[in-house]
Amino acid sequence: LLIVRRMSLFATKPIEPVDASQPLKRVLGATDLTLLGIGAIIGTGIFVLTGQAAAAHAGPAVVLSMIVAGVASALAAVCYAEFASSVPVAGSAYTYGYATLGELVAWIIGWDLVLEYALGAATVAVGWSGYVVSFMADIGITFPPLLSAAPGTAVPLADGTTVTALFNLPAILISTAATALLVVGIQESARVNAVIVVIKVAVVLLIIGLGGLFVSAANWQPFIPENTGTFGEYGWSGIMRGAGVIFFAYIGFDAVSTAAQESRHPQRDMPRGIIGSLVICTVLYVLVSGVMVGLVPYQQLGVPAPMAVAVDAARMQAAGSSWQALLDLMPFVVKLGAILGLSSTIIVQMMAQPRVFYAMSRDGLLPAWASRIHPRFRTPHLTTLIPGGIVIVASGFTPIGVLGDLVSIGTLFAFVIVSIGGIVLPRAGAALVR
């Protein structure tokens, strides 16, 4: 019996063809999937991590760090794209692990994805809260400090004193709103995401275009600062360490694969959505990082809002020119872009987790109620509400540092499983599909 059970734990599951009567709506095209990917990727990384990687590790060569991280992400993205076209079923890394590595691996990775998707959304919600509170202060609205951070967090006040926060109300509100939107429907969620993505990409392009007019080549010299004698502090080791820091900024393209069962033509459109979103974001990241280190000396970018520092430098250089009025609006535009960017990331991450639980329920690894579909909205509403509750609690009551560490662990493990599965996939061949 022990031998039989051991064999069943590592038994792979042939993927059943999904017919037209399946309960989830097939409404997403290649453009929708690409926008979902962009919505998930462009967030905290482009507005925060770029400056920190430049200041502490790579200097102007942060551009190379971006390319290295993009190439590493592309290797994982190719595996996801191959699986998404060969196994066009909801579940992402869980389904791919079940199809190639067996039930035990699938069970583990299914729950591991809670770290990447649910807690990833919670992490971004905390960042969103910080930007919203700052934005409100800029327009003269003071948000209660007691309700702006995780319990026990010391929140600084304008007079130099601090108060201890009770919970993070803005993070709870955005998580609740995203949960409600996802229950209503995938198509409605994709439309909201598409509008946000268009706006935030326009903001990024505006920053690149205006900032590029005031770049000083002197700030790019030396392009690769000499290593300080410590690994990871400039030089080529700094470039690689910077790539490791920036890698978090690319997380999100894999969430596209969870929508395979809601794609109209998954074999064709899923690879386009995954690879296309990653390529677009990599180009934007490289251009933004190049402009930022060209506007100010890289040592000045090691702050929580490096984009704002770069914009302020451009404003000073534009004083008295015809561009000054437009650049004076840029601090407002940058914060708005960050808020929108983080909003769409939350939506896509929270969209992914319910579909993993849905797939696990269909396979018998979760109770049958977890795969119930709302009769009107045709969404997995129960498995949307439960992860939504996890995100709401985690974002409101957990420090961002703890959340970030858990997300990194979950994401790296998922990438490892999918990459190993990619090696097994060609050997599995037609056995994957009955």
# chains A, B, ... in the order shown; residues from 1 in each chain; ligands from 1
>>> residues_around(residues="stretch 369-377 of chain A", least_positions_apart="5", cutoff="8 Å", atoms="only C-alpha atoms", output="tab-separated table (two decimals) with all heavy atoms, in the first residue's frame")
chain	number	residue	atom	x	y	z
A	23	PRO	N	-17.44	26.27	-17.94
A	23	PRO	CA	-18.17	27.37	-17.31
A	23	PRO	C	-17.50	28.73	-17.37
A	23	PRO	O	-18.18	29.75	-17.26
A	23	PRO	CB	-18.30	26.90	-15.86
A	23	PRO	CG	-17.18	25.93	-15.65
A	23	PRO	CD	-17.01	25.25	-16.96
A	24	LEU	N	-16.19	28.79	-17.50
A	24	LEU	CA	-15.52	30.08	-17.54
A	24	LEU	C	-15.68	30.73	-18.92
A	24	LEU	O	-15.68	30.05	-19.95
A	24	LEU	CB	-14.03	29.93	-17.21
A	24	LEU	CG	-13.70	29.40	-15.81
A	24	LEU	CD1	-12.21	29.21	-15.65
A	24	LEU	CD2	-14.25	30.34	-14.75
A	183	VAL	N	-15.01	39.54	-8.77
A	183	VAL	CA	-16.21	38.71	-8.66
A	183	VAL	C	-17.19	39.04	-9.78
A	183	VAL	O	-17.83	38.16	-10.36
A	183	VAL	CB	-16.88	38.90	-7.28
A	183	VAL	CG1	-18.28	38.27	-7.26
A	183	VAL	CG2	-16.02	38.29	-6.19
A	184	VAL	N	-17.28	40.32	-10.13
A	184	VAL	CA	-18.22	40.77	-11.16
A	184	VAL	C	-17.90	40.16	-12.52
A	184	VAL	O	-18.79	39.80	-13.29
A	184	VAL	CB	-18.24	42.31	-11.24
A	184	VAL	CG1	-19.03	42.79	-12.46
A	184	VAL	CG2	-18.85	42.88	-9.97
A	185	GLY	N	-16.61	40.03	-12.87
A	185	GLY	CA	-16.30	39.40	-14.15
A	185	GLY	C	-14.90	39.64	-14.63
A	185	GLY	O	-14.31	40.68	-14.36
A	357	PHE	N	-6.80	27.95	-7.34
A	357	PHE	CA	-7.67	27.17	-6.46
A	357	PHE	C	-8.78	26.47	-7.26
A	357	PHE	O	-9.18	25.35	-6.94
A	357	PHE	CB	-8.29	28.07	-5.39
A	357	PHE	CG	-7.33	28.45	-4.30
A	357	PHE	CD1	-7.60	29.54	-3.48
A	357	PHE	CD2	-6.17	27.73	-4.07
A	357	PHE	CE1	-6.72	29.90	-2.46
A	357	PHE	CE2	-5.29	28.08	-3.05
A	357	PHE	CZ	-5.57	29.16	-2.25
A	358	TYR	N	-9.29	27.15	-8.29
A	358	TYR	CA	-10.31	26.56	-9.15
A	358	TYR	C	-9.79	25.28	-9.80
A	358	TYR	O	-10.45	24.24	-9.82
A	358	TYR	CB	-10.72	27.57	-10.22
A	358	TYR	CG	-11.62	27.03	-11.30
A	358	TYR	CD1	-12.99	26.91	-11.12
A	358	TYR	CD2	-11.08	26.64	-12.53
A	358	TYR	CE1	-13.80	26.41	-12.12
A	358	TYR	CE2	-11.89	26.15	-13.55
A	358	TYR	CZ	-13.25	26.04	-13.35
A	358	TYR	OH	-14.05	25.54	-14.34
A	359	ALA	N	-8.56	25.36	-10.34
A	359	ALA	CA	-7.97	24.19	-10.98
A	359	ALA	C	-7.71	23.08	-9.98
A	359	ALA	O	-7.93	21.90	-10.27
A	359	ALA	CB	-6.66	24.59	-11.68
A	361	SER	N	-9.40	22.45	-7.28
A	361	SER	CA	-10.70	21.86	-6.95
A	361	SER	C	-11.17	20.93	-8.05
A	361	SER	O	-11.68	19.83	-7.78
A	361	SER	CB	-11.73	22.97	-6.72
A	361	SER	OG	-13.01	22.43	-6.49
A	362	ARG	N	-10.98	21.33	-9.30
A	362	ARG	CA	-11.40	20.47	-10.41
A	362	ARG	C	-10.62	19.15	-10.42
A	362	ARG	O	-11.11	18.13	-10.89
A	362	ARG	CB	-11.15	21.22	-11.74
A	362	ARG	CG	-12.01	22.46	-11.93
A	362	ARG	CD	-13.41	22.09	-12.35
A	362	ARG	NE	-13.42	21.50	-13.67
A	362	ARG	CZ	-14.20	21.90	-14.65
A	362	ARG	NH1	-15.04	22.91	-14.46
A	362	ARG	NH2	-14.19	21.30	-15.82
A	382	LEU	N	-16.34	32.06	-5.19
A	382	LEU	CA	-15.95	31.64	-3.85
A	382	LEU	C	-14.44	31.65	-3.68
A	382	LEU	O	-13.92	32.11	-2.65
A	382	LEU	CB	-16.51	30.24	-3.54
A	382	LEU	CG	-18.04	30.14	-3.49
A	382	LEU	CD1	-18.49	28.71	-3.22
A	382	LEU	CD2	-18.60	31.08	-2.42
A	383	THR	N	-13.72	31.17	-4.69
A	383	THR	CA	-12.26	31.18	-4.60
A	383	THR	C	-11.69	32.56	-4.92
A	383	THR	O	-10.47	32.74	-4.87
A	383	THR	CB	-11.64	30.13	-5.54
A	383	THR	OG1	-12.17	30.28	-6.86
A	383	THR	CG2	-11.90	28.74	-5.03
>>> residues_around(residues="A:Pro170", least_positions_apart="6", cutoff="9 Å", atoms="only C-alpha atoms", output="PDB file with all heavy atoms, in the first residue's frame")
ATOM      1  N   ALA A 125      -0.506  46.351  -2.397  1.00  0.00           N
ATOM      2  CA  ALA A 125      -1.552  47.168  -1.765  1.00  0.00           C
ATOM      3  C   ALA A 125      -0.961  48.073  -0.690  1.00  0.00           C
ATOM      4  O   ALA A 125      -1.387  49.223  -0.521  1.00  0.00           O
ATOM      5  CB  ALA A 125      -2.629  46.273  -1.166  1.00  0.00           C
ATOM      6  N   VAL A 126       0.034  47.570   0.046  1.00  0.00           N
ATOM      7  CA  VAL A 126       0.696  48.389   1.058  1.00  0.00           C
ATOM      8  C   VAL A 126       1.449  49.536   0.385  1.00  0.00           C
ATOM      9  O   VAL A 126       1.406  50.685   0.843  1.00  0.00           O
ATOM     10  CB  VAL A 126       1.649  47.537   1.912  1.00  0.00           C
ATOM     11  CG1 VAL A 126       2.435  48.421   2.884  1.00  0.00           C
ATOM     12  CG2 VAL A 126       0.869  46.490   2.695  1.00  0.00           C
ATOM     13  N   TRP A 128       0.712  50.835  -2.521  1.00  0.00           N
ATOM     14  CA  TRP A 128      -0.350  51.711  -3.035  1.00  0.00           C
ATOM     15  C   TRP A 128      -0.837  52.649  -1.948  1.00  0.00           C
ATOM     16  O   TRP A 128      -1.047  53.849  -2.180  1.00  0.00           O
ATOM     17  CB  TRP A 128      -1.500  50.839  -3.533  1.00  0.00           C
ATOM     18  CG  TRP A 128      -2.649  51.556  -4.165  1.00  0.00           C
ATOM     19  CD1 TRP A 128      -2.822  51.817  -5.497  1.00  0.00           C
ATOM     20  CD2 TRP A 128      -3.821  52.074  -3.505  1.00  0.00           C
ATOM     21  NE1 TRP A 128      -4.009  52.473  -5.701  1.00  0.00           N
ATOM     22  CE2 TRP A 128      -4.640  52.648  -4.504  1.00  0.00           C
ATOM     23  CE3 TRP A 128      -4.241  52.118  -2.184  1.00  0.00           C
ATOM     24  CZ2 TRP A 128      -5.860  53.250  -4.204  1.00  0.00           C
ATOM     25  CZ3 TRP A 128      -5.452  52.714  -1.883  1.00  0.00           C
ATOM     26  CH2 TRP A 128      -6.248  53.273  -2.892  1.00  0.00           C
ATOM     27  N   SER A 129      -0.985  52.132  -0.752  1.00  0.00           N
ATOM     28  CA  SER A 129      -1.435  52.942   0.376  1.00  0.00           C
ATOM     29  C   SER A 129      -0.475  54.098   0.634  1.00  0.00           C
ATOM     30  O   SER A 129      -0.900  55.243   0.852  1.00  0.00           O
ATOM     31  CB  SER A 129      -1.554  52.065   1.626  1.00  0.00           C
ATOM     32  OG  SER A 129      -1.800  52.854   2.772  1.00  0.00           O
ATOM     33  N   GLY A 130       0.822  53.807   0.601  1.00  0.00           N
ATOM     34  CA  GLY A 130       1.808  54.859   0.843  1.00  0.00           C
ATOM     35  C   GLY A 130       1.725  55.976  -0.169  1.00  0.00           C
ATOM     36  O   GLY A 130       1.795  57.170   0.184  1.00  0.00           O
ATOM     37  N   VAL A 132      -0.914  56.792  -2.018  1.00  0.00           N
ATOM     38  CA  VAL A 132      -2.193  57.488  -1.892  1.00  0.00           C
ATOM     39  C   VAL A 132      -2.160  58.486  -0.730  1.00  0.00           C
ATOM     40  O   VAL A 132      -2.618  59.628  -0.855  1.00  0.00           O
ATOM     41  CB  VAL A 132      -3.345  56.481  -1.709  1.00  0.00           C
ATOM     42  CG1 VAL A 132      -4.614  57.190  -1.268  1.00  0.00           C
ATOM     43  CG2 VAL A 132      -3.597  55.736  -3.013  1.00  0.00           C
ATOM     44  N   VAL A 133      -1.614  58.063   0.398  1.00  0.00           N
ATOM     45  CA  VAL A 133      -1.512  58.966   1.549  1.00  0.00           C
ATOM     46  C   VAL A 133      -0.644  60.172   1.204  1.00  0.00           C
ATOM     47  O   VAL A 133      -0.982  61.316   1.546  1.00  0.00           O
ATOM     48  CB  VAL A 133      -0.943  58.206   2.768  1.00  0.00           C
ATOM     49  CG1 VAL A 133      -0.621  59.185   3.907  1.00  0.00           C
ATOM     50  CG2 VAL A 133      -1.928  57.149   3.250  1.00  0.00           C
ATOM     51  N   LEU A 147      -4.219  55.069  10.848  1.00  0.00           N
ATOM     52  CA  LEU A 147      -4.861  54.124   9.928  1.00  0.00           C
ATOM     53  C   LEU A 147      -4.087  53.981   8.619  1.00  0.00           C
ATOM     54  O   LEU A 147      -4.651  53.605   7.604  1.00  0.00           O
ATOM     55  CB  LEU A 147      -6.294  54.585   9.631  1.00  0.00           C
ATOM     56  CG  LEU A 147      -7.187  54.850  10.841  1.00  0.00           C
ATOM     57  CD1 LEU A 147      -8.561  55.314  10.386  1.00  0.00           C
ATOM     58  CD2 LEU A 147      -7.297  53.612  11.715  1.00  0.00           C
ATOM     59  N   SER A 148      -2.790  54.255   8.642  1.00  0.00           N
ATOM     60  CA  SER A 148      -2.029  54.286   7.396  1.00  0.00           C
ATOM     61  C   SER A 148      -0.905  53.263   7.317  1.00  0.00           C
ATOM     62  O   SER A 148      -0.136  53.267   6.349  1.00  0.00           O
ATOM     63  CB  SER A 148      -1.435  55.685   7.193  1.00  0.00           C
ATOM     64  OG  SER A 148      -0.503  55.982   8.223  1.00  0.00           O
ATOM     65  N   ALA A 149      -0.792  52.362   8.297  1.00  0.00           N
ATOM     66  CA  ALA A 149       0.295  51.374   8.279  1.00  0.00           C
ATOM     67  C   ALA A 149      -0.094  50.168   9.125  1.00  0.00           C
ATOM     68  O   ALA A 149      -1.115  50.172   9.820  1.00  0.00           O
ATOM     69  CB  ALA A 149       1.595  51.999   8.784  1.00  0.00           C
ATOM     70  N   GLY A 396      -3.632  44.835   5.436  1.00  0.00           N
ATOM     71  CA  GLY A 396      -3.998  45.747   6.505  1.00  0.00           C
ATOM     72  C   GLY A 396      -3.212  45.570   7.783  1.00  0.00           C
ATOM     73  O   GLY A 396      -3.084  46.515   8.565  1.00  0.00           O
TER      74      GLY A 396
END
>>> closest_atom_pairs(of="stretch 175-241 of chain A", to="stretch 48-61 of chain A", cutoff="7 Å", atoms="only C-alpha atoms", output="Markdown table")
| residue | atom | partner | partner_atom | distance |
| --- | --- | --- | --- | --- |
| A:Trp220 | CA | A:Pro60 | CA | 5.5 |
| A:Phe223 | CA | A:Pro60 | CA | 5.2 |
| A:Ile224 | CA | A:Ala61 | CA | 5.4 |
| A:Pro225 | CA | A:Gly59 | CA | 6.3 |
| A:Gly232 | CA | A:His57 | CA | 5.8 |
| A:Glu233 | CA | A:His57 | CA | 4.7 |
| A:Tyr234 | CA | A:Ala58 | CA | 4.8 |
| A:Gly235 | CA | A:Ala58 | CA | 6.9 |
| A:Gly238 | CA | A:His57 | CA | 4.5 |
| A:Ile239 | CA | A:Ala58 | CA | 4.8 |
| A:Arg241 | CA | A:His57 | CA | 6.6 |
>>> closest_residue(among="A:Val348, A:Val192, A:Val163, A:Leu340", to="A:Leu146", atoms="only C-alpha atoms")
A:Val163
>>> closest_residue(among="A:Ala178, A:Ile46, A:Ala76, A:Ala313", to="A:Ser344", atoms="only C-alpha atoms")
A:Ala178
>>> select_by_dssp(residues="stretch 68-269 of chain A", states="strand (DSSP E)", output="count of residues only")
6
>>> select_by_dssp(residues="stretch 171-395 of chain A", states="helix (DSSP H, G or I)", output="PyMOL selection string")
chain A and resi 171-184+186-212+217-220+235-250+253-262+266-295+298-301+306-317+324-328+330-362+368-371+381-395
>>> atom_distance(atom1="atom CA of A:Lys25", atom2="atom CA of A:Pro88")
13.9 Å
>>> atom_distance(atom1="atom CA of A:Gly91", atom2="atom CA of A:Thr258")
5.2 Å
>>> atom_distance(atom1="atom CA of A:Val105", atom2="atom CA of A:Val356")
14.0 Å
>>> closest_residue(among="A:Ala255, A:Ala30, A:Ala77, A:Leu173", to="A:Ala352", atoms="only C-alpha atoms")
A:Ala255
>>> closest_residue(among="A:Gly70, A:Thr100, A:Gly389, A:Ala310", to="A:Phe214", atoms="only C-alpha atoms")
A:Ala310
>>> residues_around(residues="stretch 203-205 of chain A", least_positions_apart="6", cutoff="10 Å", atoms="only C-alpha atoms", output="mmCIF file with C-alpha atoms, in the first residue's frame")
data_model
loop_
_atom_site.group_PDB
_atom_site.id
_atom_site.type_symbol
_atom_site.label_atom_id
_atom_site.label_comp_id
_atom_site.auth_asym_id
_atom_site.auth_seq_id
_atom_site.Cartn_x
_atom_site.Cartn_y
_atom_site.Cartn_z
ATOM 1 C CA ILE A 42 4.729 47.760 -14.220
ATOM 2 C CA ILE A 46 9.841 51.007 -12.150
ATOM 3 C CA PHE A 47 9.066 53.700 -9.555
ATOM 4 C CA VAL A 197 -2.429 50.359 -18.360
ATOM 5 C CA GLY A 211 13.327 63.656 -19.058
ATOM 6 C CA LEU A 284 10.296 50.702 -20.921
ATOM 7 C CA TYR A 285 12.452 49.733 -17.927
ATOM 8 C CA LEU A 287 14.646 53.588 -21.186
ATOM 9 C CA VAL A 288 13.415 54.839 -17.805
ATOM 10 C CA MET A 330 5.335 66.062 -13.330
ATOM 11 C CA VAL A 333 1.866 62.940 -12.733
ATOM 12 C CA VAL A 334 4.521 60.604 -11.279
ATOM 13 C CA LYS A 335 2.482 59.876 -8.148
ATOM 14 C CA LEU A 336 -0.669 59.420 -10.206
ATOM 15 C CA GLY A 337 1.183 57.004 -12.484
ATOM 16 C CA ALA A 338 2.478 55.077 -9.480
ATOM 17 C CA LEU A 340 -2.491 53.599 -11.258
ATOM 18 C CA GLY A 341 0.419 51.254 -11.858
#
>>> closest_residue(among="A:Gly388, A:Pro266, A:Pro297, A:Gly244", to="A:Arg26", atoms="only C-alpha atoms")
A:Pro266
>>> residues_around(residues="stretch 411-427 of chain A", least_positions_apart="6", cutoff="10 Å", atoms="only C-alpha atoms", output="NGL selection string")
:A and (73 or 75-80 or 82-83 or 86 or 92-101 or 105-106 or 108-110 or 112-117 or 120 or 248 or 251-252 or 254)
>>> write_last_selection(atoms="N, CA and C atoms", output="tab-separated table (two decimals), in the first residue's frame")
chain	number	residue	atom	x	y	z
A	73	SER	N	14.28	36.78	-16.87
A	73	SER	CA	12.82	36.65	-16.84
A	73	SER	C	12.31	36.02	-18.13
A	75	LEU	N	13.73	33.80	-19.95
A	75	LEU	CA	13.93	32.34	-19.93
A	75	LEU	C	12.76	31.66	-19.23
A	76	ALA	N	12.35	32.25	-18.10
A	76	ALA	CA	11.18	31.70	-17.40
A	76	ALA	C	9.92	31.91	-18.22
A	77	ALA	N	9.82	33.07	-18.88
A	77	ALA	CA	8.63	33.38	-19.67
A	77	ALA	C	8.46	32.41	-20.83
A	78	VAL	N	9.56	31.99	-21.44
A	78	VAL	CA	9.49	31.03	-22.54
A	78	VAL	C	8.90	29.71	-22.04
A	79	CYS	N	9.31	29.29	-20.83
A	79	CYS	CA	8.74	28.06	-20.25
A	79	CYS	C	7.25	28.21	-20.02
A	80	TYR	N	6.84	29.35	-19.46
A	80	TYR	CA	5.41	29.59	-19.23
A	80	TYR	C	4.65	29.62	-20.55
A	82	GLU	N	5.41	28.15	-23.38
A	82	GLU	CA	5.35	26.81	-23.94
A	82	GLU	C	4.26	25.98	-23.25
A	83	PHE	N	4.22	26.07	-21.93
A	83	PHE	CA	3.20	25.35	-21.19
A	83	PHE	C	1.80	25.89	-21.49
A	86	SER	N	0.69	24.49	-24.73
A	86	SER	CA	0.56	23.04	-24.74
A	86	SER	C	-0.50	22.54	-23.77
A	92	SER	N	-1.85	27.75	-14.05
A	92	SER	CA	-0.46	28.20	-14.13
A	92	SER	C	0.50	27.12	-13.64
A	93	ALA	N	1.45	27.48	-12.77
A	93	ALA	CA	2.51	26.56	-12.35
A	93	ALA	C	1.94	25.31	-11.69
A	94	TYR	N	0.79	25.42	-11.02
A	94	TYR	CA	0.16	24.24	-10.41
A	94	TYR	C	-0.19	23.20	-11.47
A	95	THR	N	-0.89	23.63	-12.52
A	95	THR	CA	-1.30	22.70	-13.58
A	95	THR	C	-0.09	22.14	-14.30
A	96	TYR	N	0.91	22.98	-14.56
A	96	TYR	CA	2.10	22.52	-15.28
A	96	TYR	C	2.88	21.51	-14.44
A	97	GLY	N	2.94	21.75	-13.12
A	97	GLY	CA	3.61	20.81	-12.25
A	97	GLY	C	2.90	19.47	-12.18
A	98	TYR	N	1.56	19.51	-12.17
A	98	TYR	CA	0.77	18.28	-12.12
A	98	TYR	C	0.96	17.48	-13.40
A	99	ALA	N	1.03	18.17	-14.52
A	99	ALA	CA	1.12	17.49	-15.82
A	99	ALA	C	2.48	16.85	-16.05
A	100	THR	N	3.53	17.35	-15.38
A	100	THR	CA	4.87	16.86	-15.68
A	100	THR	C	5.59	16.24	-14.49
A	101	LEU	N	5.34	16.71	-13.27
A	101	LEU	CA	6.12	16.28	-12.11
A	101	LEU	C	5.30	15.51	-11.08
A	105	VAL	N	4.05	17.38	-6.11
A	105	VAL	CA	4.64	18.67	-6.51
A	105	VAL	C	3.53	19.68	-6.80
A	106	ALA	N	2.46	19.21	-7.46
A	106	ALA	CA	1.35	20.11	-7.78
A	106	ALA	C	0.70	20.65	-6.51
A	108	ILE	N	2.05	21.03	-3.55
A	108	ILE	CA	2.95	21.99	-2.90
A	108	ILE	C	2.96	23.32	-3.63
A	109	ILE	N	3.10	23.28	-4.95
A	109	ILE	CA	3.19	24.53	-5.71
A	109	ILE	C	1.85	25.25	-5.72
A	110	GLY	N	0.75	24.51	-5.65
A	110	GLY	CA	-0.56	25.16	-5.61
A	110	GLY	C	-0.69	26.07	-4.40
A	112	ASP	N	1.97	27.10	-2.62
A	112	ASP	CA	3.08	28.06	-2.71
A	112	ASP	C	2.67	29.32	-3.48
A	113	LEU	N	1.80	29.14	-4.47
A	113	LEU	CA	1.38	30.29	-5.27
A	113	LEU	C	0.59	31.31	-4.47
A	114	VAL	N	0.10	30.91	-3.29
A	114	VAL	CA	-0.53	31.89	-2.40
A	114	VAL	C	0.48	32.96	-2.02
A	115	LEU	N	1.74	32.54	-1.85
A	115	LEU	CA	2.80	33.49	-1.50
A	115	LEU	C	3.04	34.47	-2.64
A	116	GLU	N	3.02	33.96	-3.88
A	116	GLU	CA	3.31	34.86	-5.00
A	116	GLU	C	2.13	35.75	-5.34
A	117	TYR	N	0.95	35.18	-5.49
A	117	TYR	CA	-0.18	35.95	-6.00
A	117	TYR	C	-0.94	36.70	-4.89
A	120	GLY	N	1.55	38.67	-2.85
A	120	GLY	CA	2.10	39.66	-3.77
A	120	GLY	C	1.15	40.83	-3.93
A	248	PHE	N	12.62	41.54	-9.05
A	248	PHE	CA	11.28	41.65	-8.46
A	248	PHE	C	10.37	42.51	-9.33
A	251	ILE	N	8.32	40.52	-11.94
A	251	ILE	CA	7.33	39.53	-11.51
A	251	ILE	C	5.94	39.97	-11.95
A	252	GLY	N	5.18	39.06	-12.50
A	252	GLY	CA	3.82	39.38	-12.91
A	252	GLY	C	3.43	38.77	-14.25
A	254	ASP	N	3.87	35.90	-15.33
A	254	ASP	CA	3.36	34.54	-15.17
A	254	ASP	C	1.89	34.51	-14.80
>>> residues_around(residues="A:Phe167", least_positions_apart="4", cutoff="10 Å", atoms="only C-alpha atoms", output="list in words")
Pro145, Leu146, Leu147, Ser148, Ala149, Ala150, Pro151, Gly152, Thr153, Ala171, Ile172, Val393, Ser395, Gly396, Phe397, Thr398 and Pro399 of chain A
>>> decode(residues="stretch 303-332 of chain A", atoms="C-alpha atoms", output="PDB file, in the first residue's frame")
ATOM      1  CA  VAL A 303      15.607  57.187  -1.778  1.00  0.00           C
ATOM      2  CA  PRO A 304      12.019  55.858  -1.479  1.00  0.00           C
ATOM      3  CA  ALA A 305      10.895  57.995  -4.451  1.00  0.00           C
ATOM      4  CA  PRO A 306      13.828  58.137  -6.900  1.00  0.00           C
ATOM      5  CA  MET A 307      11.580  59.024  -9.828  1.00  0.00           C
ATOM      6  CA  ALA A 308      10.558  62.207  -8.023  1.00  0.00           C
ATOM      7  CA  VAL A 309      14.238  63.125  -7.527  1.00  0.00           C
ATOM      8  CA  ALA A 310      14.891  62.709 -11.252  1.00  0.00           C
ATOM      9  CA  VAL A 311      11.820  64.780 -12.161  1.00  0.00           C
ATOM     10  CA  ASP A 312      12.865  67.559  -9.777  1.00  0.00           C
ATOM     11  CA  ALA A 313      16.277  67.665 -11.476  1.00  0.00           C
ATOM     12  CA  ALA A 314      14.605  68.024 -14.864  1.00  0.00           C
ATOM     13  CA  ARG A 315      12.407  70.837 -13.505  1.00  0.00           C
ATOM     14  CA  MET A 316      15.439  72.757 -12.289  1.00  0.00           C
ATOM     15  CA  GLN A 317      17.160  72.440 -15.649  1.00  0.00           C
ATOM     16  CA  ALA A 318      13.988  73.547 -17.446  1.00  0.00           C
ATOM     17  CA  ALA A 319      13.602  76.746 -15.388  1.00  0.00           C
ATOM     18  CA  GLY A 320      12.636  79.584 -17.693  1.00  0.00           C
ATOM     19  CA  SER A 321      12.124  77.355 -20.728  1.00  0.00           C
ATOM     20  CA  SER A 322       8.916  76.556 -22.548  1.00  0.00           C
ATOM     21  CA  TRP A 323       8.896  73.146 -20.852  1.00  0.00           C
ATOM     22  CA  GLN A 324       8.790  74.474 -17.292  1.00  0.00           C
ATOM     23  CA  ALA A 325       4.998  74.608 -16.930  1.00  0.00           C
ATOM     24  CA  LEU A 326       4.638  70.997 -18.072  1.00  0.00           C
ATOM     25  CA  LEU A 327       7.482  69.782 -15.873  1.00  0.00           C
ATOM     26  CA  ASP A 328       5.983  71.551 -12.867  1.00  0.00           C
ATOM     27  CA  LEU A 329       3.071  69.108 -13.187  1.00  0.00           C
ATOM     28  CA  MET A 330       5.335  66.062 -13.330  1.00  0.00           C
ATOM     29  CA  PRO A 331       5.538  65.339  -9.552  1.00  0.00           C
ATOM     30  CA  PHE A 332       1.737  65.088  -9.589  1.00  0.00           C
TER      31      PHE A 332
END
